[in-house]
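The block underneath contains the structure these notes are about, expressed in structure tokens.
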Amino acid sequence: MRGREQEWHDVDGLLDAVQAGKGATLLVDGEPGVGKTRLLDEAAATAGERGIAVLRGALEELGELVPCGSLFEALDLRLDPDSRTLEALRTRFEEWPTAPVLAVLDDLQWADPATLVALRTLHGLLEFRPIGWLLSRSTGVGQDQSASLFDLLERHGAGRVRLSPLSPAAAVALATDTLGAAPGPATLALVDIVGGNPLLITELLAGLLDEGQVLDGDVALRIPDRFTRVVRHWIGGLSAVARNLVETAAVLGRSFAPEQAASLLGTTTAALLPAVEESMAAGILAATAHDLAFRHELVRLVIAERVPPPVRQALLGQLDLVATIDTAMAEGRLRAAEQLVRGGLAEHSSAHASTHSVAELHCVLADVMYLTGSLEEAMREAETVLALPDLPGHVRDRALLVRLYTMTRLRSDEASVRTYAHEVIEAGARHSAAATAAALIALAQAERDEGRLSNALALAADARRLSGANGSAVHPYESRLISAAILTDIHRLDEARLLVEDAREDMFDCGHQAWEADLSALAARSELLEGRLDSAAGEAQRALSLAADRATPLSAAAATNVLATVALRRGDVRAAVRHAAGLPGDSLEHALIVAQVTEACDGPLKAMTLLADLLEGQRSMLAGNPTASAWLVRVALAADARAVAEAAVATAEELAAVNPGFLALTASAAHARGLLDGDREALSRAAERADDVWGRASATEDLGVLQAAGGRHDDAAVSLDRALAIYYEIGSVRDSARVRKRLRAMGVRHRHWSYADRPASGWDSLTETEWHVSLLVADGWSNRKVAEQMFISAHTVAFHLRHIYSKLQIKSRVELTRLVIVRGRDDTDG
């Protein structure tokens, strides 16, 4: 009984109950071939070995010639048409010796209503006798009344075993048992794609043995005839409607949308539901997040082969495959879209389809790969299509569009991107509006990277108008997304929010979900700039969840960057490190956040060693994240790298000059200059003009530090108090702690705790400060390092540790670390 340990435990319990003189019932159901009969055989054999009398009956697929015939056969009763059936069955049971009995009935899905009623009644009449009932049914039969009996008996206390497919390890063990040796790679591959169904595994392997096929080595194996007969018998047990469904769907590929099958069958999705449920109960189909899929690819292949080639071609011709794939893409079902297009390519290849139809499918595949983040493959597919001569215009334009978007994401050679985009624009009417909009977006991104944000906004607006006027169904949101991103860069958040909400409403109305993660990532950035850390983290987490669900990872980097920044500001350095490690390693965002986290952990000297890539691309980085200029200057000066600080200031001021009227860039340049030159007026201007809440607090804090250094302690206290109030309001714990330390050094003390009803002991009794201390200590930090991170003294850390030990009733850092690991860090995820 490979992989059936839990199920056998239930059988063993049934036999124990019968031997103890009690009545008991165990119900067994599952898809065809999952091992129900084998389980019943083993139970009957074991019962005999344990001295339990066994009554065995099974029903035939064609039904019973006489009502309750299987029960009469099991009891060795003569069929008497004149006798009262139920009374005869009851009497036979009661005449049986008082020794325990196991009644085993298989395949009750074929039972007639009289048999089912008799079983239900006998259960009630004989419940106090030592009779064990072991009943099985297959879930693969439509309109099966035995399901009602099983549900009823379960409600009245019967045990139930629902046999599921074998685990991969159990499937391999079964294959080894069947072959008498470990299966080779090719055999294992076939075993893997029958999905753990014992009957399919054993029949597949027996067929391979019968036909003398190679069972070791990496050799392609033909599906044996024996396996094909089993699958066809399996499908033959379905109703006509369910059989039509699976045969039609098999042509579409491993997964398919229900509406596709409904369209091909000339019905509605709702009308197809009973056939879908029957096929799922039979273990042939399964539901995924967005589609239906065949449970076993090998079964699908057998079913598809059963469909005559002319019919198969007619079905494919009937279905507008590209339109279906586009719908799946727009709805965020990108995995299903990829399976559809790859399946379509395989079918077209075998059918010797036209070059243009194959090219269009490759073009769609390029688009799917772009959206799923497989940029290199997207580029290869698009360029392969564009190299073909005499392409239809819509195919050429779509391949061109994907190539442009992919070049932009890959940050390809800027000159090449610009040249290519200008060629498309200058060609005018030769290209579609969608292709021209893609060219404008590519140019907008190039201008954005160069820091010419006014030009970038204008180009993105042109793309937006072009996309809106022509109602393109291909990538309808990119122009709004890049416009919103640029507006967020320069902190024009109200305008960005309007674009995001407009796009979100449009997506909802049209059922387009592939770009939802991008919208949440943009919203997260806006919330961060507004100083709403909780909302920023929530939107960022939503973006990551959507990106994972939709298989659209391109927006994940921006969301992860937000989470890392939020964690850093909250003082959760460990979470910041984890989020920073999840960013793409070759992006400017990655370089910046890793450097900032490193500076927080190990100081400015260590951070400077990581800034080579960042400094090379600092123009693009500062255009997208203006507040970073002050951080760069501060770290460079602390590391005695004044030339680096001067370069950062020059870049910030150049960006402000090229983009007049953008307050975010003006404030950033003033902040950087004020730090470099010790200019109180520049820092004051930065604090007044900054429209980023955290940036305003940062400039105000730097002004207070400069005032204190110049002996203006009263002014410094006012500035630091103002910065502390902002940090405290937005929940920036780490920054608040640093400012309090500065004020303490000036003799100004602030209470920074809040009273709350807490228990006297346990995790919930810890204050926020104690909680952060416990996390850092559990990460192996010394008291001195914890003190530096939290801007308190080492003595204060020791004081907090004593309280932590007392509340948690422990005595050492080792015990504290163990408790933190056991509890987990979920509460600290940003």
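Naming scheme: A, B, ... for chains in displayed order of the structure tokens; residues 1 onward per chain; ligands 1 onward as shown.
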Counting only C-alpha atoms, what is within 12 Å of Ala20 of chain A, bar same-chain residues fewer than 6 positions away, as a PyMOL selection string? chain A and resi 13-14+50+52+98-101+128-132
Convert the current residue selection to file output with N, CA, C and O atoms, as a PDB file, in the first residue's frame.
ATOM      1  N   GLY A  13      -8.596   0.800  11.960  1.00  0.00           N
ATOM      2  CA  GLY A  13      -9.532   1.206  12.999  1.00  0.00           C
ATOM      3  C   GLY A  13     -10.896   0.553  12.822  1.00  0.00           C
ATOM      4  O   GLY A  13     -11.559   0.180  13.809  1.00  0.00           O
ATOM      5  N   LEU A  14     -11.331   0.414  11.558  1.00  0.00           N
ATOM      6  CA  LEU A  14     -12.600  -0.260  11.287  1.00  0.00           C
ATOM      7  C   LEU A  14     -12.537  -1.715  11.754  1.00  0.00           C
ATOM      8  O   LEU A  14     -13.466  -2.221  12.430  1.00  0.00           O
ATOM      9  N   ARG A  50      -7.392 -11.948  10.509  1.00  0.00           N
ATOM     10  CA  ARG A  50      -7.720 -11.611  11.896  1.00  0.00           C
ATOM     11  C   ARG A  50      -8.976 -12.328  12.389  1.00  0.00           C
ATOM     12  O   ARG A  50      -9.506 -12.000  13.453  1.00  0.00           O
ATOM     13  N   ILE A  52     -12.020 -12.409  11.013  1.00  0.00           N
ATOM     14  CA  ILE A  52     -13.271 -11.709  10.721  1.00  0.00           C
ATOM     15  C   ILE A  52     -13.853 -12.303   9.445  1.00  0.00           C
ATOM     16  O   ILE A  52     -13.167 -12.406   8.423  1.00  0.00           O
ATOM     17  N   THR A  98     -22.584 -14.858  15.662  1.00  0.00           N
ATOM     18  CA  THR A  98     -22.284 -13.592  16.334  1.00  0.00           C
ATOM     19  C   THR A  98     -20.841 -13.144  16.155  1.00  0.00           C
ATOM     20  O   THR A  98     -20.447 -12.086  16.635  1.00  0.00           O
ATOM     21  N   ALA A  99     -20.045 -13.949  15.465  1.00  0.00           N
ATOM     22  CA  ALA A  99     -18.661 -13.538  15.192  1.00  0.00           C
ATOM     23  C   ALA A  99     -18.678 -12.284  14.312  1.00  0.00           C
ATOM     24  O   ALA A  99     -19.623 -12.041  13.559  1.00  0.00           O
ATOM     25  N   PRO A 100     -17.611 -11.450  14.398  1.00  0.00           N
ATOM     26  CA  PRO A 100     -17.576 -10.215  13.605  1.00  0.00           C
ATOM     27  C   PRO A 100     -17.579 -10.491  12.101  1.00  0.00           C
ATOM     28  O   PRO A 100     -17.032 -11.484  11.628  1.00  0.00           O
ATOM     29  N   VAL A 101     -18.216  -9.565  11.380  1.00  0.00           N
ATOM     30  CA  VAL A 101     -18.369  -9.696   9.927  1.00  0.00           C
ATOM     31  C   VAL A 101     -17.903  -8.392   9.269  1.00  0.00           C
ATOM     32  O   VAL A 101     -18.190  -7.296   9.771  1.00  0.00           O
ATOM     33  N   PHE A 128     -26.323  -2.417  15.936  1.00  0.00           N
ATOM     34  CA  PHE A 128     -25.756  -2.913  17.196  1.00  0.00           C
ATOM     35  C   PHE A 128     -25.099  -4.284  17.032  1.00  0.00           C
ATOM     36  O   PHE A 128     -24.679  -4.899  18.009  1.00  0.00           O
ATOM     37  N   ARG A 129     -25.007  -4.774  15.828  1.00  0.00           N
ATOM     38  CA  ARG A 129     -24.342  -6.056  15.586  1.00  0.00           C
ATOM     39  C   ARG A 129     -22.889  -5.797  15.157  1.00  0.00           C
ATOM     40  O   ARG A 129     -22.574  -4.721  14.624  1.00  0.00           O
ATOM     41  N   PRO A 130     -21.986  -6.741  15.387  1.00  0.00           N
ATOM     42  CA  PRO A 130     -20.560  -6.538  15.043  1.00  0.00           C
ATOM     43  C   PRO A 130     -20.318  -6.679  13.538  1.00  0.00           C
ATOM     44  O   PRO A 130     -19.679  -7.615  13.068  1.00  0.00           O
ATOM     45  N   ILE A 131     -20.897  -5.743  12.803  1.00  0.00           N
ATOM     46  CA  ILE A 131     -20.777  -5.753  11.335  1.00  0.00           C
ATOM     47  C   ILE A 131     -20.006  -4.510  10.906  1.00  0.00           C
ATOM     48  O   ILE A 131     -20.363  -3.377  11.270  1.00  0.00           O
ATOM     49  N   GLY A 132     -18.968  -4.730  10.163  1.00  0.00           N
ATOM     50  CA  GLY A 132     -18.216  -3.620   9.583  1.00  0.00           C
ATOM     51  C   GLY A 132     -18.575  -3.479   8.117  1.00  0.00           C
ATOM     52  O   GLY A 132     -18.585  -4.447   7.361  1.00  0.00           O
TER      53      GLY A 132
END
Residues within 7 Å of Thr700 of chain A, only C-alpha atoms, excluding chain neighbours under 4 positions, as a short mmCIF file (atom, residue, chain, number, x, y, z; two decimals) with all heavy atoms, in the first residue's frame:
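Generated output (result_13.cif):
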data_model
loop_
_atom_site.label_atom_id
_atom_site.label_comp_id
_atom_site.auth_asym_id
_atom_site.auth_seq_id
_atom_site.Cartn_x
_atom_site.Cartn_y
_atom_site.Cartn_z
N ALA A 687 13.94 72.84 3.58
CA ALA A 687 12.92 72.43 4.54
C ALA A 687 11.56 73.06 4.22
O ALA A 687 10.52 72.44 4.43
CB ALA A 687 13.35 72.82 5.95
N ARG A 696 11.22 66.65 3.98
CA ARG A 696 11.11 67.91 4.72
C ARG A 696 11.68 67.73 6.13
O ARG A 696 12.42 68.58 6.63
CB ARG A 696 9.64 68.33 4.80
CG ARG A 696 9.42 69.71 5.42
CD ARG A 696 7.94 70.01 5.57
NE ARG A 696 7.22 69.66 4.36
CZ ARG A 696 6.12 68.91 4.33
NH1 ARG A 696 5.62 68.44 5.47
NH2 ARG A 696 5.52 68.64 3.20
N GLY A 704 18.91 71.76 11.89
CA GLY A 704 19.13 71.80 13.33
C GLY A 704 20.53 71.37 13.71
O GLY A 704 21.15 71.97 14.61
N SER A 719 14.39 73.53 15.49
CA SER A 719 14.44 72.76 14.24
C SER A 719 14.35 71.26 14.52
O SER A 719 13.60 70.52 13.85
CB SER A 719 15.73 73.07 13.47
OG SER A 719 15.77 74.42 13.07
N LEU A 720 15.12 70.80 15.50
CA LEU A 720 15.10 69.37 15.80
C LEU A 720 13.75 68.93 16.36
O LEU A 720 13.28 67.82 16.06
CB LEU A 720 16.23 69.03 16.77
CG LEU A 720 17.65 69.17 16.21
CD1 LEU A 720 18.70 68.94 17.29
CD2 LEU A 720 17.87 68.18 15.05
N ALA A 723 11.54 68.55 13.35
CA ALA A 723 11.86 67.32 12.63
C ALA A 723 11.34 66.10 13.39
O ALA A 723 10.76 65.17 12.80
CB ALA A 723 13.37 67.20 12.42
#
At a cut-off of 12 Å, using only C-alpha atoms, what residues contact Ser684 of chain A? Leave out same-chain residues fewer than 2 positions from it and give the result as a CSV table (one decimal) with C-alpha atoms, in the first residue's frame.
chain,number,residue,atom,x,y,z
A,667,ALA,CA,14.4,71.4,-2.7
A,668,SER,CA,16.7,68.4,-3.4
A,670,ALA,CA,19.1,73.1,-2.0
A,671,HIS,CA,19.4,70.3,0.6
A,672,ALA,CA,22.5,68.9,-1.1
A,673,ARG,CA,24.2,72.2,-1.4
A,674,GLY,CA,23.4,73.2,2.2
A,675,LEU,CA,25.0,70.0,3.5
A,678,GLY,CA,27.3,74.2,5.6
A,679,ASP,CA,24.7,76.7,4.3
A,680,ARG,CA,21.9,77.3,6.7
A,681,GLU,CA,19.9,79.4,4.3
A,682,ALA,CA,20.0,76.6,1.6
A,686,ALA,CA,15.0,72.9,1.4
A,687,ALA,CA,12.9,72.4,4.5
A,688,GLU,CA,10.3,75.0,3.4
A,689,ARG,CA,10.0,73.7,-0.2
A,690,ALA,CA,10.3,70.0,0.1
A,696,ARG,CA,11.1,67.9,4.7
A,697,ALA,CA,11.9,66.4,8.1
A,698,SER,CA,15.3,65.3,6.9
A,699,ALA,CA,16.2,68.9,5.7
A,700,THR,CA,14.9,70.3,9.0
A,701,GLU,CA,17.0,67.9,11.0
A,702,ASP,CA,20.1,68.8,9.0
A,703,LEU,CA,19.4,72.4,9.6
A,704,GLY,CA,19.1,71.8,13.3
A,706,LEU,CA,24.1,72.8,11.5
A,707,GLN,CA,22.6,75.4,13.9
A,715,ASP,CA,17.3,77.6,17.0
A,716,ALA,CA,18.7,74.1,16.8
A,719,SER,CA,14.4,72.8,14.2
Considering only C-alpha atoms, return as a VMD selection string whatever protein or nucleic-acid residues lie within 12 Å of segment 411-427 of chain A, sequence-local ones (same chain, fewer than 5 positions apart) excluded. chain A and resid 375 to 376 379 396 to 397 400 to 401 403 to 406 432 to 450 459 462 to 463 586 to 588 617 620
The residue from A:Ser629, A:Thr769, A:Ser136, A:Ser793 with the smallest atom-to-atom distance to Leu615 of chain A, counting only C-alpha atoms, is A:Ser629
Can you tell me which residues surround Gln6 of chain A at a distance of at most 12 Å, considering only C-alpha atoms, apart from same-chain residues fewer than 3 positions away, and format the answer as JSON, numbers by chain? {"A": [1, 2, 3, 9, 10, 11, 12, 13, 39, 160, 161, 162, 163, 164]}
Would you output that residue set with all heavy atoms, as an mmCIF file, in the first residue's frame?
data_model
loop_
_atom_site.group_PDB
_atom_site.id
_atom_site.type_symbol
_atom_site.label_atom_id
_atom_site.label_comp_id
_atom_site.auth_asym_id
_atom_site.auth_seq_id
_atom_site.Cartn_x
_atom_site.Cartn_y
_atom_site.Cartn_z
ATOM 1 N N MET A 1 0.842 -1.196 0.000
ATOM 2 C CA MET A 1 0.000 0.000 0.000
ATOM 3 C C MET A 1 0.878 1.247 0.000
ATOM 4 O O MET A 1 0.919 2.010 0.978
ATOM 5 C CB MET A 1 -0.942 0.000 1.196
ATOM 6 C CG MET A 1 -1.931 -1.146 1.221
ATOM 7 S SD MET A 1 -2.979 -1.153 -0.240
ATOM 8 C CE MET A 1 -3.898 0.346 0.001
ATOM 9 N N ARG A 2 1.588 1.441 -1.109
ATOM 10 C CA ARG A 2 2.487 2.583 -1.210
ATOM 11 C C ARG A 2 1.720 3.903 -1.057
ATOM 12 O O ARG A 2 0.730 4.157 -1.748
ATOM 13 C CB ARG A 2 3.181 2.573 -2.569
ATOM 14 C CG ARG A 2 4.170 1.438 -2.766
ATOM 15 C CD ARG A 2 5.424 1.662 -1.927
ATOM 16 N NE ARG A 2 6.483 0.725 -2.259
ATOM 17 C CZ ARG A 2 7.645 0.699 -1.656
ATOM 18 N NH1 ARG A 2 7.900 1.559 -0.677
ATOM 19 N NH2 ARG A 2 8.560 -0.177 -2.015
ATOM 20 N N GLY A 3 2.189 4.730 -0.156
ATOM 21 C CA GLY A 3 1.619 6.054 0.003
ATOM 22 C C GLY A 3 0.238 6.078 0.632
ATOM 23 O O GLY A 3 -0.442 7.102 0.594
ATOM 24 N N HIS A 9 -4.546 3.244 8.161
ATOM 25 C CA HIS A 9 -4.820 3.474 9.580
ATOM 26 C C HIS A 9 -6.329 3.500 9.823
ATOM 27 O O HIS A 9 -6.826 2.942 10.823
ATOM 28 C CB HIS A 9 -4.192 4.792 10.020
ATOM 29 C CG HIS A 9 -4.507 5.176 11.439
ATOM 30 N ND1 HIS A 9 -3.893 4.595 12.522
ATOM 31 C CD2 HIS A 9 -5.401 6.075 11.935
ATOM 32 C CE1 HIS A 9 -4.379 5.104 13.631
ATOM 33 N NE2 HIS A 9 -5.300 6.007 13.309
ATOM 34 N N ASP A 10 -7.089 4.119 8.905
ATOM 35 C CA ASP A 10 -8.543 4.158 9.046
ATOM 36 C C ASP A 10 -9.151 2.771 8.868
ATOM 37 O O ASP A 10 -10.100 2.405 9.573
ATOM 38 C CB ASP A 10 -9.139 5.135 8.019
ATOM 39 C CG ASP A 10 -8.733 6.571 8.300
ATOM 40 O OD1 ASP A 10 -8.478 6.899 9.468
ATOM 41 O OD2 ASP A 10 -8.671 7.362 7.346
ATOM 42 N N VAL A 11 -8.630 1.994 7.905
ATOM 43 C CA VAL A 11 -9.112 0.622 7.710
ATOM 44 C C VAL A 11 -8.837 -0.212 8.967
ATOM 45 O O VAL A 11 -9.697 -0.974 9.443
ATOM 46 C CB VAL A 11 -8.447 -0.019 6.476
ATOM 47 C CG1 VAL A 11 -8.779 -1.512 6.406
ATOM 48 C CG2 VAL A 11 -8.889 0.688 5.210
ATOM 49 N N ASP A 12 -7.648 -0.049 9.507
ATOM 50 C CA ASP A 12 -7.267 -0.794 10.708
ATOM 51 C C ASP A 12 -8.210 -0.460 11.862
ATOM 52 O O ASP A 12 -8.603 -1.340 12.653
ATOM 53 C CB ASP A 12 -5.820 -0.450 11.068
ATOM 54 C CG ASP A 12 -5.138 -1.586 11.820
ATOM 55 O OD1 ASP A 12 -5.405 -2.757 11.498
ATOM 56 O OD2 ASP A 12 -4.348 -1.289 12.728
ATOM 57 N N GLY A 13 -8.596 0.800 11.960
ATOM 58 C CA GLY A 13 -9.532 1.206 12.999
ATOM 59 C C GLY A 13 -10.896 0.553 12.822
ATOM 60 O O GLY A 13 -11.559 0.180 13.809
ATOM 61 N N LEU A 39 -7.334 -1.176 -2.118
ATOM 62 C CA LEU A 39 -7.482 -0.958 -0.677
ATOM 63 C C LEU A 39 -8.499 -1.943 -0.102
ATOM 64 O O LEU A 39 -8.280 -2.531 0.977
ATOM 65 C CB LEU A 39 -7.926 0.481 -0.405
ATOM 66 C CG LEU A 39 -8.035 0.887 1.075
ATOM 67 C CD1 LEU A 39 -6.656 0.944 1.710
ATOM 68 C CD2 LEU A 39 -8.735 2.235 1.216
ATOM 69 N N ARG A 160 -14.794 8.296 6.651
ATOM 70 C CA ARG A 160 -14.695 8.484 5.200
ATOM 71 C C ARG A 160 -13.245 8.662 4.795
ATOM 72 O O ARG A 160 -12.502 9.427 5.405
ATOM 73 C CB ARG A 160 -15.512 9.682 4.742
ATOM 74 C CG ARG A 160 -15.703 9.746 3.218
ATOM 75 C CD ARG A 160 -16.890 10.598 2.875
ATOM 76 N NE ARG A 160 -17.248 10.562 1.482
ATOM 77 C CZ ARG A 160 -18.341 11.101 0.968
ATOM 78 N NH1 ARG A 160 -19.208 11.709 1.777
ATOM 79 N NH2 ARG A 160 -18.613 11.038 -0.317
ATOM 80 N N VAL A 161 -12.871 7.956 3.746
ATOM 81 C CA VAL A 161 -11.522 8.057 3.183
ATOM 82 C C VAL A 161 -11.660 8.515 1.741
ATOM 83 O O VAL A 161 -12.296 7.829 0.927
ATOM 84 C CB VAL A 161 -10.791 6.696 3.236
ATOM 85 C CG1 VAL A 161 -9.494 6.764 2.435
ATOM 86 C CG2 VAL A 161 -10.507 6.301 4.670
ATOM 87 N N ARG A 162 -11.126 9.668 1.446
ATOM 88 C CA ARG A 162 -11.118 10.150 0.058
ATOM 89 C C ARG A 162 -9.715 9.947 -0.487
ATOM 90 O O ARG A 162 -8.795 10.682 -0.138
ATOM 91 C CB ARG A 162 -11.531 11.618 0.002
ATOM 92 C CG ARG A 162 -13.004 11.848 0.376
ATOM 93 C CD ARG A 162 -13.369 13.324 0.297
ATOM 94 N NE ARG A 162 -14.795 13.551 0.466
ATOM 95 C CZ ARG A 162 -15.408 13.713 1.624
ATOM 96 N NH1 ARG A 162 -14.684 13.653 2.747
ATOM 97 N NH2 ARG A 162 -16.715 13.918 1.697
ATOM 98 N N LEU A 163 -9.575 8.947 -1.321
ATOM 99 C CA LEU A 163 -8.252 8.619 -1.848
ATOM 100 C C LEU A 163 -7.793 9.688 -2.824
ATOM 101 O O LEU A 163 -8.518 10.036 -3.765
ATOM 102 C CB LEU A 163 -8.271 7.262 -2.555
ATOM 103 C CG LEU A 163 -8.437 6.022 -1.666
ATOM 104 C CD1 LEU A 163 -8.372 4.777 -2.511
ATOM 105 C CD2 LEU A 163 -7.363 5.983 -0.595
ATOM 106 N N SER A 164 -6.626 10.204 -2.603
ATOM 107 C CA SER A 164 -6.040 11.210 -3.497
ATOM 108 C C SER A 164 -4.889 10.573 -4.270
ATOM 109 O O SER A 164 -4.432 9.476 -3.931
ATOM 110 C CB SER A 164 -5.531 12.401 -2.679
ATOM 111 O OG SER A 164 -4.596 11.970 -1.710
#
Dump as a tab-separated table the rows for residues of segment 723-749 of chain A within 6 Å of segment 566-576 of chain A: closest atom pair and distance in Å with one decimal, only C-alpha atoms counted, ordered by chain and rising residue number.
residue	atom	partner	partner_atom	distance
A:Ser732	CA	A:Arg569	CA	4.8
A:Val733	CA	A:Arg570	CA	4.7
A:Arg734	CA	A:Gly571	CA	4.5
Can you check which residues of segment 358-398 of chain A DSSP gives as helix (DSSP H, G or I) on the backbone and send them as number ranges by chain? A: 358-371, 375-386, 393-398
Spatial neighbours of segment 275-285 of chain A, max dist 8 Å, only C-alpha atoms, sep filter under 3 positions, as a compact mmCIF listing (two decimals) with C-alpha atoms, in the first residue's frame:
# COMPACT_ATOMS: atom_id res chain seq x y z
CA GLU A 31 -11.33 9.17 -8.95
CA PRO A 32 -11.05 6.13 -11.25
CA SER A 138 -15.88 6.15 -7.88
CA THR A 139 -16.31 9.88 -8.28
CA GLY A 140 -15.97 9.57 -12.05
CA VAL A 141 -19.58 8.79 -12.94
CA GLY A 142 -22.17 11.42 -13.77
CA LEU A 238 -18.41 9.83 -18.85
CA SER A 239 -21.71 11.19 -20.03
CA VAL A 241 -21.67 15.96 -22.77
CA ALA A 242 -18.67 15.51 -20.46
CA LEU A 245 -16.03 18.58 -23.34
CA VAL A 246 -12.78 16.74 -22.59
CA LEU A 272 -21.24 23.49 -19.42
CA LEU A 292 -9.39 24.52 -16.15
CA ALA A 293 -6.55 22.10 -16.80
CA PHE A 294 -6.05 18.41 -17.49
CA ARG A 295 -4.85 16.59 -14.39
CA HIS A 296 -2.61 14.30 -16.44
CA VAL A 299 -4.17 11.44 -20.61
For Val172 of chain A, work out the shell of residues within 10 Å, counting only C-alpha atoms and skipping chain neighbours fewer than 3 positions away, then give it as number ranges by chain. A: 2, 166-169, 175-178, 182-183, 188, 191-192, 196, 201
One decimal, in Å: what's the spacing between atom CA of Thr609 of chain A and atom CA of Ala628 of chain A?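 Going from atom CA of Thr609 of chain A over to atom CA of Ala628 of chain A, I get 16.9 Å.
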Kindly give the distance, in Å, that separates atom CA of Ala556 of chain A and atom CA of Ala514 of chain A, rounded to a single decimal. 13.1 Å
Using atom CA of Gly33 of chain A and atom CA of Leu200 of chain A as the two end points, give the distance in Å to one decimal. 6.8 Å
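Using only C-alpha atoms, the nearest neighbour of Leu190 of chain A within the list A:Ala328, A:Val748, A:Leu301, A:Ala249 is A:Leu301.
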Please, which residues of segment 188-365 of chain A, numbered as in this document, come out strand (DSSP E) from DSSP, as a ChimeraX atom specification? /A:255-256,285-287,292-294
